[in-house]
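So the structure is just underneath, and the comments pick up after that.
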Amino acid sequence: MRAIRYQPDRLELLDQTRLPHEKVWLTCRTAEDVYQAIRSMQVRGAPAIGAAAAFGLALEARRIGPADVRSRLPQVAAWMKTARPTAVNLMQAVDELMAALEEAPPGSEADALYQRAVAIAERDIETNRRIGELGAKWVAEHGGRVLTHCNTGSLATVEYGTALGILRAMHEAGTLEHVYVDETRPYLQGARLTAYELLEEGIPFDIITDSTAGFAMKLGWIDAVIVGADRIARNGDTANKIGTYTLAVLASFHGIPFYVAAPTTTLDLSIPSGDHIPIEERSADEVTHWMGRPIAPEGASAKHLAFDVTPGHLISGIITERGVALPPYEESLARLCGKR
């Protein structure tokens, strides 16, 4: 399954706000189109956001033209970074496109940026498959009943997935028994998107309400928890979809291993801890309404933090394409990135 298709003159995104009941492709031809798709969560998931932003800048370079691209595109790039501030993949992809702009021969900027965006997309696919291969062997040692949160599959990446990629690989190897899918309020990425992907591939699962997870652990249903990430600090503190921190606390209490699966592009070793990760706060309407219909009393207020931060000491291991980092993370993550 792929949710991103690209050509030099357009980017096509599978509109994730319409799934699972409608399969609608959104065509983007400018950076503005891509920015709005990211903001509205028509495309979501840290790796997918990064790839989409890269193609958005390539499209804008073609629209601007060679005469003005070097003077105008940096402003567009800075603006693109504001679309969703928590996901570091977005920042890194934009920076990589700006580096490509500097390196491009005069007159070939648009083609150079498009080729760099394609490279980012293809690298993401290769990275995810490697994460799946490594993670499947690691997690299977704990058992085949796994709980996951939000959506970390092909819909959140260019293809295959991170945490869900591990579950795919376990299924292919015959070591996956059952997946428990948190519904993931308030956007229901688990119930709408992860369930959609698992159904497509014939992987056995059950959706559970977010508030069921702790009792499911107590009942002995869960052998391991696997989640994705939007940004990982130097000490292993991990920002991910809201509700992840709660799962980590519950897993720790019940003695269940809790793993994070992410490409090394999600590591942000420039910050010492999760205290430095910006947390996006989205509209209260996404809590008080569903599909445009009110579910709370008129005039009710709501706080909608889109992400939380799980302390590194609650994480059993961070599975990347370069290997599995174990505590203490300041040493193991630096080693994975060749910093020590």
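Identifiers in this document derive from the order of the structure tokens: chains are assigned A, B, ..., residues are numbered from 1 separately in each chain, and ligands are numbered from 1 in order of occurrence.
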
Interface rows for region 160-224 of chain A against region 285-305 of chain A: nearest pair, Å to one decimal, 9 Å, only C-alpha atoms, as JSON lines:
{"residue": "A:Arg185", "atom": "CA", "partner": "A:Val287", "partner_atom": "CA", "distance": 8.4}
{"residue": "A:Pro186", "atom": "CA", "partner": "A:Val287", "partner_atom": "CA", "distance": 5.8}
{"residue": "A:Tyr187", "atom": "CA", "partner": "A:Glu286", "partner_atom": "CA", "distance": 7.3}

DSSP-assigned helix (DSSP H, G or I) among region 91-224 of chain A, expressed as a PDB file with N, CA and C atoms, in the first residue's frame:
ATOM      1  N   MET A  91      11.408  18.959   9.506  1.00  0.00           N
ATOM      2  CA  MET A  91      12.511  19.924   9.531  1.00  0.00           C
ATOM      3  C   MET A  91      13.714  19.397   8.739  1.00  0.00           C
ATOM      4  N   GLN A  92      14.025  18.121   8.933  1.00  0.00           N
ATOM      5  CA  GLN A  92      15.187  17.552   8.272  1.00  0.00           C
ATOM      6  C   GLN A  92      15.001  17.464   6.762  1.00  0.00           C
ATOM      7  N   ALA A  93      13.800  17.106   6.331  1.00  0.00           N
ATOM      8  CA  ALA A  93      13.544  17.025   4.891  1.00  0.00           C
ATOM      9  C   ALA A  93      13.647  18.404   4.245  1.00  0.00           C
ATOM     10  N   VAL A  94      13.105  19.412   4.890  1.00  0.00           N
ATOM     11  CA  VAL A  94      13.191  20.775   4.359  1.00  0.00           C
ATOM     12  C   VAL A  94      14.650  21.223   4.285  1.00  0.00           C
ATOM     13  N   ASP A  95      15.418  20.941   5.338  1.00  0.00           N
ATOM     14  CA  ASP A  95      16.836  21.321   5.329  1.00  0.00           C
ATOM     15  C   ASP A  95      17.593  20.598   4.226  1.00  0.00           C
ATOM     16  N   GLU A  96      17.244  19.349   3.985  1.00  0.00           N
ATOM     17  CA  GLU A  96      17.922  18.587   2.934  1.00  0.00           C
ATOM     18  C   GLU A  96      17.606  19.170   1.555  1.00  0.00           C
ATOM     19  N   LEU A  97      16.374  19.618   1.364  1.00  0.00           N
ATOM     20  CA  LEU A  97      16.022  20.241   0.082  1.00  0.00           C
ATOM     21  C   LEU A  97      16.745  21.569  -0.102  1.00  0.00           C
ATOM     22  N   MET A  98      16.919  22.324   0.992  1.00  0.00           N
ATOM     23  CA  MET A  98      17.645  23.592   0.891  1.00  0.00           C
ATOM     24  C   MET A  98      19.125  23.364   0.583  1.00  0.00           C
ATOM     25  N   ALA A  99      19.676  22.279   1.122  1.00  0.00           N
ATOM     26  CA  ALA A  99      21.055  21.930   0.778  1.00  0.00           C
ATOM     27  C   ALA A  99      21.165  21.573  -0.701  1.00  0.00           C
ATOM     28  N   ALA A 100      20.174  20.854  -1.209  1.00  0.00           N
ATOM     29  CA  ALA A 100      20.160  20.505  -2.634  1.00  0.00           C
ATOM     30  C   ALA A 100      20.050  21.751  -3.503  1.00  0.00           C
ATOM     31  N   LEU A 101      19.307  22.736  -3.031  1.00  0.00           N
ATOM     32  CA  LEU A 101      19.183  23.989  -3.769  1.00  0.00           C
ATOM     33  C   LEU A 101      20.545  24.672  -3.885  1.00  0.00           C
ATOM     34  N   GLU A 102      21.301  24.684  -2.794  1.00  0.00           N
ATOM     35  CA  GLU A 102      22.626  25.312  -2.804  1.00  0.00           C
ATOM     36  C   GLU A 102      23.567  24.594  -3.762  1.00  0.00           C
ATOM     37  N   GLU A 103      23.440  23.275  -3.836  1.00  0.00           N
ATOM     38  CA  GLU A 103      24.364  22.473  -4.644  1.00  0.00           C
ATOM     39  C   GLU A 103      23.999  22.438  -6.127  1.00  0.00           C
ATOM     40  N   GLU A 109      17.598  23.913 -10.836  1.00  0.00           N
ATOM     41  CA  GLU A 109      17.173  23.817  -9.438  1.00  0.00           C
ATOM     42  C   GLU A 109      15.947  22.921  -9.255  1.00  0.00           C
ATOM     43  N   ALA A 110      14.934  23.096 -10.076  1.00  0.00           N
ATOM     44  CA  ALA A 110      13.696  22.329  -9.898  1.00  0.00           C
ATOM     45  C   ALA A 110      13.936  20.839 -10.080  1.00  0.00           C
ATOM     46  N   ASP A 111      14.702  20.480 -11.092  1.00  0.00           N
ATOM     47  CA  ASP A 111      14.998  19.058 -11.319  1.00  0.00           C
ATOM     48  C   ASP A 111      15.828  18.483 -10.172  1.00  0.00           C
ATOM     49  N   ALA A 112      16.787  19.259  -9.683  1.00  0.00           N
ATOM     50  CA  ALA A 112      17.639  18.788  -8.586  1.00  0.00           C
ATOM     51  C   ALA A 112      16.825  18.569  -7.316  1.00  0.00           C
ATOM     52  N   LEU A 113      15.903  19.478  -7.039  1.00  0.00           N
ATOM     53  CA  LEU A 113      15.079  19.335  -5.841  1.00  0.00           C
ATOM     54  C   LEU A 113      14.120  18.154  -5.963  1.00  0.00           C
ATOM     55  N   TYR A 114      13.584  17.960  -7.152  1.00  0.00           N
ATOM     56  CA  TYR A 114      12.691  16.807  -7.335  1.00  0.00           C
ATOM     57  C   TYR A 114      13.457  15.510  -7.137  1.00  0.00           C
ATOM     58  N   GLN A 115      14.648  15.415  -7.687  1.00  0.00           N
ATOM     59  CA  GLN A 115      15.439  14.193  -7.529  1.00  0.00           C
ATOM     60  C   GLN A 115      15.804  13.960  -6.067  1.00  0.00           C
ATOM     61  N   ARG A 116      16.082  15.042  -5.317  1.00  0.00           N
ATOM     62  CA  ARG A 116      16.378  14.871  -3.900  1.00  0.00           C
ATOM     63  C   ARG A 116      15.127  14.411  -3.144  1.00  0.00           C
ATOM     64  N   ALA A 117      13.959  14.919  -3.505  1.00  0.00           N
ATOM     65  CA  ALA A 117      12.713  14.480  -2.870  1.00  0.00           C
ATOM     66  C   ALA A 117      12.456  13.003  -3.159  1.00  0.00           C
ATOM     67  N   VAL A 118      12.704  12.584  -4.388  1.00  0.00           N
ATOM     68  CA  VAL A 118      12.559  11.164  -4.735  1.00  0.00           C
ATOM     69  C   VAL A 118      13.522  10.323  -3.907  1.00  0.00           C
ATOM     70  N   ALA A 119      14.733  10.795  -3.723  1.00  0.00           N
ATOM     71  CA  ALA A 119      15.713  10.059  -2.927  1.00  0.00           C
ATOM     72  C   ALA A 119      15.246   9.918  -1.479  1.00  0.00           C
ATOM     73  N   ILE A 120      14.653  10.976  -0.930  1.00  0.00           N
ATOM     74  CA  ILE A 120      14.122  10.916   0.434  1.00  0.00           C
ATOM     75  C   ILE A 120      13.019   9.863   0.520  1.00  0.00           C
ATOM     76  N   ALA A 121      12.134   9.844  -0.477  1.00  0.00           N
ATOM     77  CA  ALA A 121      11.034   8.880  -0.479  1.00  0.00           C
ATOM     78  C   ALA A 121      11.552   7.450  -0.596  1.00  0.00           C
ATOM     79  N   GLU A 122      12.474   7.218  -1.509  1.00  0.00           N
ATOM     80  CA  GLU A 122      12.994   5.862  -1.704  1.00  0.00           C
ATOM     81  C   GLU A 122      13.798   5.404  -0.486  1.00  0.00           C
ATOM     82  N   ARG A 123      14.509   6.316   0.134  1.00  0.00           N
ATOM     83  CA  ARG A 123      15.265   5.981   1.342  1.00  0.00           C
ATOM     84  C   ARG A 123      14.322   5.590   2.475  1.00  0.00           C
ATOM     85  N   ASP A 124      13.175   6.264   2.545  1.00  0.00           N
ATOM     86  CA  ASP A 124      12.208   5.947   3.588  1.00  0.00           C
ATOM     87  C   ASP A 124      11.694   4.515   3.447  1.00  0.00           C
ATOM     88  N   ILE A 125      11.413   4.091   2.225  1.00  0.00           N
ATOM     89  CA  ILE A 125      10.929   2.727   1.996  1.00  0.00           C
ATOM     90  C   ILE A 125      11.974   1.706   2.430  1.00  0.00           C
ATOM     91  N   GLU A 126      13.209   1.911   1.999  1.00  0.00           N
ATOM     92  CA  GLU A 126      14.287   0.993   2.362  1.00  0.00           C
ATOM     93  C   GLU A 126      14.498   0.962   3.875  1.00  0.00           C
ATOM     94  N   THR A 127      14.452   2.130   4.502  1.00  0.00           N
ATOM     95  CA  THR A 127      14.640   2.234   5.946  1.00  0.00           C
ATOM     96  C   THR A 127      13.565   1.468   6.698  1.00  0.00           C
ATOM     97  N   ASN A 128      12.315   1.639   6.273  1.00  0.00           N
ATOM     98  CA  ASN A 128      11.207   0.987   6.965  1.00  0.00           C
ATOM     99  C   ASN A 128      11.300  -0.528   6.878  1.00  0.00           C
ATOM    100  N   ARG A 129      11.684  -1.037   5.739  1.00  0.00           N
ATOM    101  CA  ARG A 129      11.808  -2.493   5.597  1.00  0.00           C
ATOM    102  C   ARG A 129      12.920  -3.035   6.498  1.00  0.00           C
ATOM    103  N   ARG A 130      13.975  -2.279   6.647  1.00  0.00           N
ATOM    104  CA  ARG A 130      15.054  -2.694   7.542  1.00  0.00           C
ATOM    105  C   ARG A 130      14.591  -2.655   8.999  1.00  0.00           C
ATOM    106  N   ILE A 131      13.832  -1.630   9.377  1.00  0.00           N
ATOM    107  CA  ILE A 131      13.276  -1.562  10.736  1.00  0.00           C
ATOM    108  C   ILE A 131      12.390  -2.777  10.990  1.00  0.00           C
ATOM    109  N   GLY A 132      11.560  -3.119  10.003  1.00  0.00           N
ATOM    110  CA  GLY A 132      10.689  -4.277  10.145  1.00  0.00           C
ATOM    111  C   GLY A 132      11.469  -5.555  10.340  1.00  0.00           C
ATOM    112  N   GLU A 133      12.521  -5.726   9.545  1.00  0.00           N
ATOM    113  CA  GLU A 133      13.343  -6.938   9.630  1.00  0.00           C
ATOM    114  C   GLU A 133      14.014  -7.061  10.998  1.00  0.00           C
ATOM    115  N   LEU A 134      14.629  -5.980  11.459  1.00  0.00           N
ATOM    116  CA  LEU A 134      15.313  -6.007  12.754  1.00  0.00           C
ATOM    117  C   LEU A 134      14.320  -6.152  13.905  1.00  0.00           C
ATOM    118  N   GLY A 135      13.249  -5.353  13.839  1.00  0.00           N
ATOM    119  CA  GLY A 135      12.299  -5.330  14.942  1.00  0.00           C
ATOM    120  C   GLY A 135      11.521  -6.618  15.099  1.00  0.00           C
ATOM    121  N   ALA A 136      11.217  -7.283  13.991  1.00  0.00           N
ATOM    122  CA  ALA A 136      10.438  -8.523  14.060  1.00  0.00           C
ATOM    123  C   ALA A 136      11.173  -9.577  14.872  1.00  0.00           C
ATOM    124  N   LYS A 137      12.473  -9.710  14.652  1.00  0.00           N
ATOM    125  CA  LYS A 137      13.256 -10.689  15.402  1.00  0.00           C
ATOM    126  C   LYS A 137      13.339 -10.312  16.875  1.00  0.00           C
ATOM    127  N   TRP A 138      13.456  -9.031  17.146  1.00  0.00           N
ATOM    128  CA  TRP A 138      13.616  -8.562  18.516  1.00  0.00           C
ATOM    129  C   TRP A 138      12.337  -8.737  19.325  1.00  0.00           C
ATOM    130  N   VAL A 139      11.229  -8.293  18.763  1.00  0.00           N
ATOM    131  CA  VAL A 139       9.957  -8.290  19.498  1.00  0.00           C
ATOM    132  C   VAL A 139       9.401  -9.698  19.650  1.00  0.00           C
ATOM    133  N   ALA A 140       9.614 -10.547  18.664  1.00  0.00           N
ATOM    134  CA  ALA A 140       9.064 -11.906  18.702  1.00  0.00           C
ATOM    135  C   ALA A 140       9.560 -12.693  19.911  1.00  0.00           C
ATOM    136  N   ALA A 163       6.542   1.055  13.227  1.00  0.00           N
ATOM    137  CA  ALA A 163       6.039   0.062  14.189  1.00  0.00           C
ATOM    138  C   ALA A 163       5.130  -0.948  13.492  1.00  0.00           C
ATOM    139  N   LEU A 164       4.280  -0.471  12.609  1.00  0.00           N
ATOM    140  CA  LEU A 164       3.409  -1.386  11.872  1.00  0.00           C
ATOM    141  C   LEU A 164       4.206  -2.220  10.873  1.00  0.00           C
ATOM    142  N   GLY A 165       5.323  -1.685  10.400  1.00  0.00           N
ATOM    143  CA  GLY A 165       6.205  -2.463   9.549  1.00  0.00           C
ATOM    144  C   GLY A 165       6.778  -3.666  10.292  1.00  0.00           C
ATOM    145  N   ILE A 166       7.077  -3.491  11.582  1.00  0.00           N
ATOM    146  CA  ILE A 166       7.536  -4.612  12.401  1.00  0.00           C
ATOM    147  C   ILE A 166       6.443  -5.672  12.511  1.00  0.00           C
ATOM    148  N   LEU A 167       5.211  -5.241  12.705  1.00  0.00           N
ATOM    149  CA  LEU A 167       4.099  -6.192  12.785  1.00  0.00           C
ATOM    150  C   LEU A 167       3.899  -6.900  11.451  1.00  0.00           C
ATOM    151  N   ARG A 168       4.062  -6.185  10.335  1.00  0.00           N
ATOM    152  CA  ARG A 168       3.990  -6.815   9.017  1.00  0.00           C
ATOM    153  C   ARG A 168       5.058  -7.906   8.891  1.00  0.00           C
ATOM    154  N   ALA A 169       6.278  -7.559   9.292  1.00  0.00           N
ATOM    155  CA  ALA A 169       7.376  -8.516   9.172  1.00  0.00           C
ATOM    156  C   ALA A 169       7.153  -9.726  10.076  1.00  0.00           C
ATOM    157  N   MET A 170       6.613  -9.504  11.267  1.00  0.00           N
ATOM    158  CA  MET A 170       6.303 -10.617  12.166  1.00  0.00           C
ATOM    159  C   MET A 170       5.227 -11.511  11.557  1.00  0.00           C
ATOM    160  N   HIS A 171       4.225 -10.889  10.943  1.00  0.00           N
ATOM    161  CA  HIS A 171       3.160 -11.653  10.287  1.00  0.00           C
ATOM    162  C   HIS A 171       3.730 -12.510   9.158  1.00  0.00           C
ATOM    163  N   GLU A 172       4.619 -11.927   8.364  1.00  0.00           N
ATOM    164  CA  GLU A 172       5.243 -12.664   7.257  1.00  0.00           C
ATOM    165  C   GLU A 172       6.088 -13.828   7.771  1.00  0.00           C
ATOM    166  N   ALA A 173       6.686 -13.641   8.959  1.00  0.00           N
ATOM    167  CA  ALA A 173       7.540 -14.680   9.536  1.00  0.00           C
ATOM    168  C   ALA A 173       6.750 -15.706  10.343  1.00  0.00           C
ATOM    169  N   GLN A 189      -6.889   7.544  14.569  1.00  0.00           N
ATOM    170  CA  GLN A 189      -5.981   6.999  13.556  1.00  0.00           C
ATOM    171  C   GLN A 189      -5.855   5.486  13.658  1.00  0.00           C
ATOM    172  N   GLY A 190      -5.990   4.953  14.884  1.00  0.00           N
ATOM    173  CA  GLY A 190      -5.924   3.504  15.031  1.00  0.00           C
ATOM    174  C   GLY A 190      -7.149   2.825  14.459  1.00  0.00           C
ATOM    175  N   ALA A 191      -8.318   3.282  14.890  1.00  0.00           N
ATOM    176  CA  ALA A 191      -9.571   2.661  14.450  1.00  0.00           C
ATOM    177  C   ALA A 191      -9.815   2.853  12.960  1.00  0.00           C
ATOM    178  N   ARG A 192      -9.450   4.014  12.416  1.00  0.00           N
ATOM    179  CA  ARG A 192      -9.721   4.296  11.004  1.00  0.00           C
ATOM    180  C   ARG A 192      -8.618   3.780  10.079  1.00  0.00           C
ATOM    181  N   LEU A 193      -7.348   4.012  10.475  1.00  0.00           N
ATOM    182  CA  LEU A 193      -6.248   3.809   9.541  1.00  0.00           C
ATOM    183  C   LEU A 193      -5.465   2.521   9.788  1.00  0.00           C
ATOM    184  N   THR A 194      -5.070   2.279  11.035  1.00  0.00           N
ATOM    185  CA  THR A 194      -4.343   1.034  11.297  1.00  0.00           C
ATOM    186  C   THR A 194      -5.232  -0.169  11.016  1.00  0.00           C
ATOM    187  N   ALA A 195      -6.473  -0.113  11.460  1.00  0.00           N
ATOM    188  CA  ALA A 195      -7.400  -1.212  11.174  1.00  0.00           C
ATOM    189  C   ALA A 195      -7.572  -1.400   9.667  1.00  0.00           C
ATOM    190  N   TYR A 196      -7.621  -0.318   8.921  1.00  0.00           N
ATOM    191  CA  TYR A 196      -7.733  -0.375   7.461  1.00  0.00           C
ATOM    192  C   TYR A 196      -6.550  -1.133   6.856  1.00  0.00           C
ATOM    193  N   GLU A 197      -5.343  -0.803   7.308  1.00  0.00           N
ATOM    194  CA  GLU A 197      -4.159  -1.473   6.773  1.00  0.00           C
ATOM    195  C   GLU A 197      -4.114  -2.947   7.172  1.00  0.00           C
ATOM    196  N   LEU A 198      -4.432  -3.248   8.409  1.00  0.00           N
ATOM    197  CA  LEU A 198      -4.379  -4.641   8.868  1.00  0.00           C
ATOM    198  C   LEU A 198      -5.417  -5.497   8.139  1.00  0.00           C
ATOM    199  N   LEU A 199      -6.591  -4.944   7.907  1.00  0.00           N
ATOM    200  CA  LEU A 199      -7.608  -5.666   7.139  1.00  0.00           C
ATOM    201  C   LEU A 199      -7.128  -5.961   5.730  1.00  0.00           C
ATOM    202  N   GLU A 200      -6.485  -4.965   5.114  1.00  0.00           N
ATOM    203  CA  GLU A 200      -5.995  -5.128   3.747  1.00  0.00           C
ATOM    204  C   GLU A 200      -5.009  -6.287   3.641  1.00  0.00           C
ATOM    205  N   GLU A 201      -4.252  -6.531   4.716  1.00  0.00           N
ATOM    206  CA  GLU A 201      -3.188  -7.539   4.661  1.00  0.00           C
ATOM    207  C   GLU A 201      -3.547  -8.828   5.396  1.00  0.00           C
ATOM    208  N   ASP A 210      -9.007   3.417  23.897  1.00  0.00           N
ATOM    209  CA  ASP A 210      -7.758   3.792  24.544  1.00  0.00           C
ATOM    210  C   ASP A 210      -7.762   3.435  26.026  1.00  0.00           C
ATOM    211  N   SER A 211      -8.912   3.589  26.663  1.00  0.00           N
ATOM    212  CA  SER A 211      -9.011   3.352  28.100  1.00  0.00           C
ATOM    213  C   SER A 211      -9.055   1.874  28.471  1.00  0.00           C
ATOM    214  N   THR A 212      -9.064   0.988  27.473  1.00  0.00           N
ATOM    215  CA  THR A 212      -9.047  -0.452  27.741  1.00  0.00           C
ATOM    216  C   THR A 212      -7.623  -0.982  27.917  1.00  0.00           C
ATOM    217  N   ALA A 213      -6.633  -0.263  27.437  1.00  0.00           N
ATOM    218  CA  ALA A 213      -5.271  -0.789  27.339  1.00  0.00           C
ATOM    219  C   ALA A 213      -4.731  -1.296  28.669  1.00  0.00           C
ATOM    220  N   GLY A 214      -4.901  -0.518  29.744  1.00  0.00           N
ATOM    221  CA  GLY A 214      -4.368  -0.931  31.037  1.00  0.00           C
ATOM    222  C   GLY A 214      -4.968  -2.233  31.525  1.00  0.00           C
ATOM    223  N   PHE A 215      -6.271  -2.373  31.409  1.00  0.00           N
ATOM    224  CA  PHE A 215      -6.933  -3.599  31.884  1.00  0.00           C
ATOM    225  C   PHE A 215      -6.575  -4.786  30.982  1.00  0.00           C
ATOM    226  N   ALA A 216      -6.391  -4.524  29.677  1.00  0.00           N
ATOM    227  CA  ALA A 216      -5.957  -5.590  28.765  1.00  0.00           C
ATOM    228  C   ALA A 216      -4.595  -6.134  29.194  1.00  0.00           C
ATOM    229  N   MET A 217      -3.719  -5.244  29.652  1.00  0.00           N
ATOM    230  CA  MET A 217      -2.421  -5.685  30.165  1.00  0.00           C
ATOM    231  C   MET A 217      -2.593  -6.528  31.422  1.00  0.00           C
ATOM    232  N   LYS A 218      -3.458  -6.083  32.310  1.00  0.00           N
ATOM    233  CA  LYS A 218      -3.701  -6.823  33.550  1.00  0.00           C
ATOM    234  C   LYS A 218      -4.268  -8.213  33.267  1.00  0.00           C
TER     235      LYS A 218
END

Could you give me, as a tab-separated table, every region 147-167 of chain A residue with an atom at most 7 Å from region 1-7 of chain A, plus its closest atom pair and distance in Å to one decimal, counting only C-alpha atoms, rows ordered by chain then number?
residue	atom	partner	partner_atom	distance
A:Ser154	CA	A:Arg2	CA	5.8
A:Leu155	CA	A:Ala3	CA	5.5
A:Val158	CA	A:Ile4	CA	6.1
A:Glu159	CA	A:Arg2	CA	5.4

Keeping only all heavy atoms, write the selected residues as a PDB file, in the first residue's frame.
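And here's result11.pdb as it stands now:
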ATOM      1  N   SER A 154       1.962   2.108   6.208  1.00  0.00           N
ATOM      2  CA  SER A 154       2.175   2.721   4.899  1.00  0.00           C
ATOM      3  C   SER A 154       1.518   4.089   4.800  1.00  0.00           C
ATOM      4  O   SER A 154       1.967   4.945   4.031  1.00  0.00           O
ATOM      5  CB  SER A 154       1.625   1.808   3.802  1.00  0.00           C
ATOM      6  OG  SER A 154       2.358   0.610   3.734  1.00  0.00           O
ATOM      7  N   LEU A 155       0.465   4.298   5.555  1.00  0.00           N
ATOM      8  CA  LEU A 155      -0.229   5.581   5.513  1.00  0.00           C
ATOM      9  C   LEU A 155       0.548   6.674   6.230  1.00  0.00           C
ATOM     10  O   LEU A 155       0.313   7.862   5.998  1.00  0.00           O
ATOM     11  CB  LEU A 155      -1.624   5.447   6.130  1.00  0.00           C
ATOM     12  CG  LEU A 155      -2.587   4.514   5.391  1.00  0.00           C
ATOM     13  CD1 LEU A 155      -3.860   4.304   6.192  1.00  0.00           C
ATOM     14  CD2 LEU A 155      -2.913   5.070   4.007  1.00  0.00           C
ATOM     15  N   VAL A 158       6.199   6.554   3.492  1.00  0.00           N
ATOM     16  CA  VAL A 158       6.042   6.445   2.034  1.00  0.00           C
ATOM     17  C   VAL A 158       5.529   5.056   1.675  1.00  0.00           C
ATOM     18  O   VAL A 158       4.708   4.887   0.775  1.00  0.00           O
ATOM     19  CB  VAL A 158       7.375   6.754   1.322  1.00  0.00           C
ATOM     20  CG1 VAL A 158       7.229   6.575  -0.193  1.00  0.00           C
ATOM     21  CG2 VAL A 158       7.820   8.177   1.638  1.00  0.00           C
ATOM     22  N   GLU A 159       5.999   4.050   2.419  1.00  0.00           N
ATOM     23  CA  GLU A 159       5.540   2.682   2.201  1.00  0.00           C
ATOM     24  C   GLU A 159       6.032   1.799   3.343  1.00  0.00           C
ATOM     25  O   GLU A 159       7.079   2.061   3.927  1.00  0.00           O
ATOM     26  CB  GLU A 159       6.067   2.144   0.866  1.00  0.00           C
ATOM     27  CG  GLU A 159       5.463   0.822   0.415  1.00  0.00           C
ATOM     28  CD  GLU A 159       6.003   0.372  -0.939  1.00  0.00           C
ATOM     29  OE1 GLU A 159       5.617   0.987  -1.949  1.00  0.00           O
ATOM     30  OE2 GLU A 159       6.816  -0.557  -0.959  1.00  0.00           O
TER      31      GLU A 159
END

For Val24 (chain A): contacts at 8 Å, only C-alpha atoms, fewer than 4 positions along chain excluded, given as a short mmCIF file (atom, residue, chain, number, x, y, z; two decimals) with C-alpha atoms, in the first residue's frame:
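After the write, out09.cif holds the following:
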data_model
loop_
_atom_site.label_atom_id
_atom_site.label_comp_id
_atom_site.auth_asym_id
_atom_site.auth_seq_id
_atom_site.Cartn_x
_atom_site.Cartn_y
_atom_site.Cartn_z
CA LEU A 14 -4.30 9.56 -0.36
CA ASP A 15 -6.60 11.77 1.72
CA ARG A 18 -11.66 10.32 4.11
#

| query | Excluding same-chain residues fewer than 2 positions from Leu267 (chain A), what lies within 10 Å of it counting only C-alpha atoms, as number ranges by chain? | reply | A: 88-89, 229-234, 236, 238, 262-265, 269-271, 320, 333-334, 337

Give me the region 60-114 of chain A side of the contact with region 306-315 of chain A, cut-off 12 Å, one line per residue showing its nearest atom pair and distance in Å at one decimal, counting only C-alpha atoms, sorted by chain and residue number, as JSON lines.
{"residue": "A:Arg84", "atom": "CA", "partner": "A:Ala306", "partner_atom": "CA", "distance": 10.0}
{"residue": "A:Pro85", "atom": "CA", "partner": "A:Phe307", "partner_atom": "CA", "distance": 10.7}
{"residue": "A:Thr86", "atom": "CA", "partner": "A:Phe307", "partner_atom": "CA", "distance": 7.9}
{"residue": "A:Ala87", "atom": "CA", "partner": "A:Phe307", "partner_atom": "CA", "distance": 9.8}
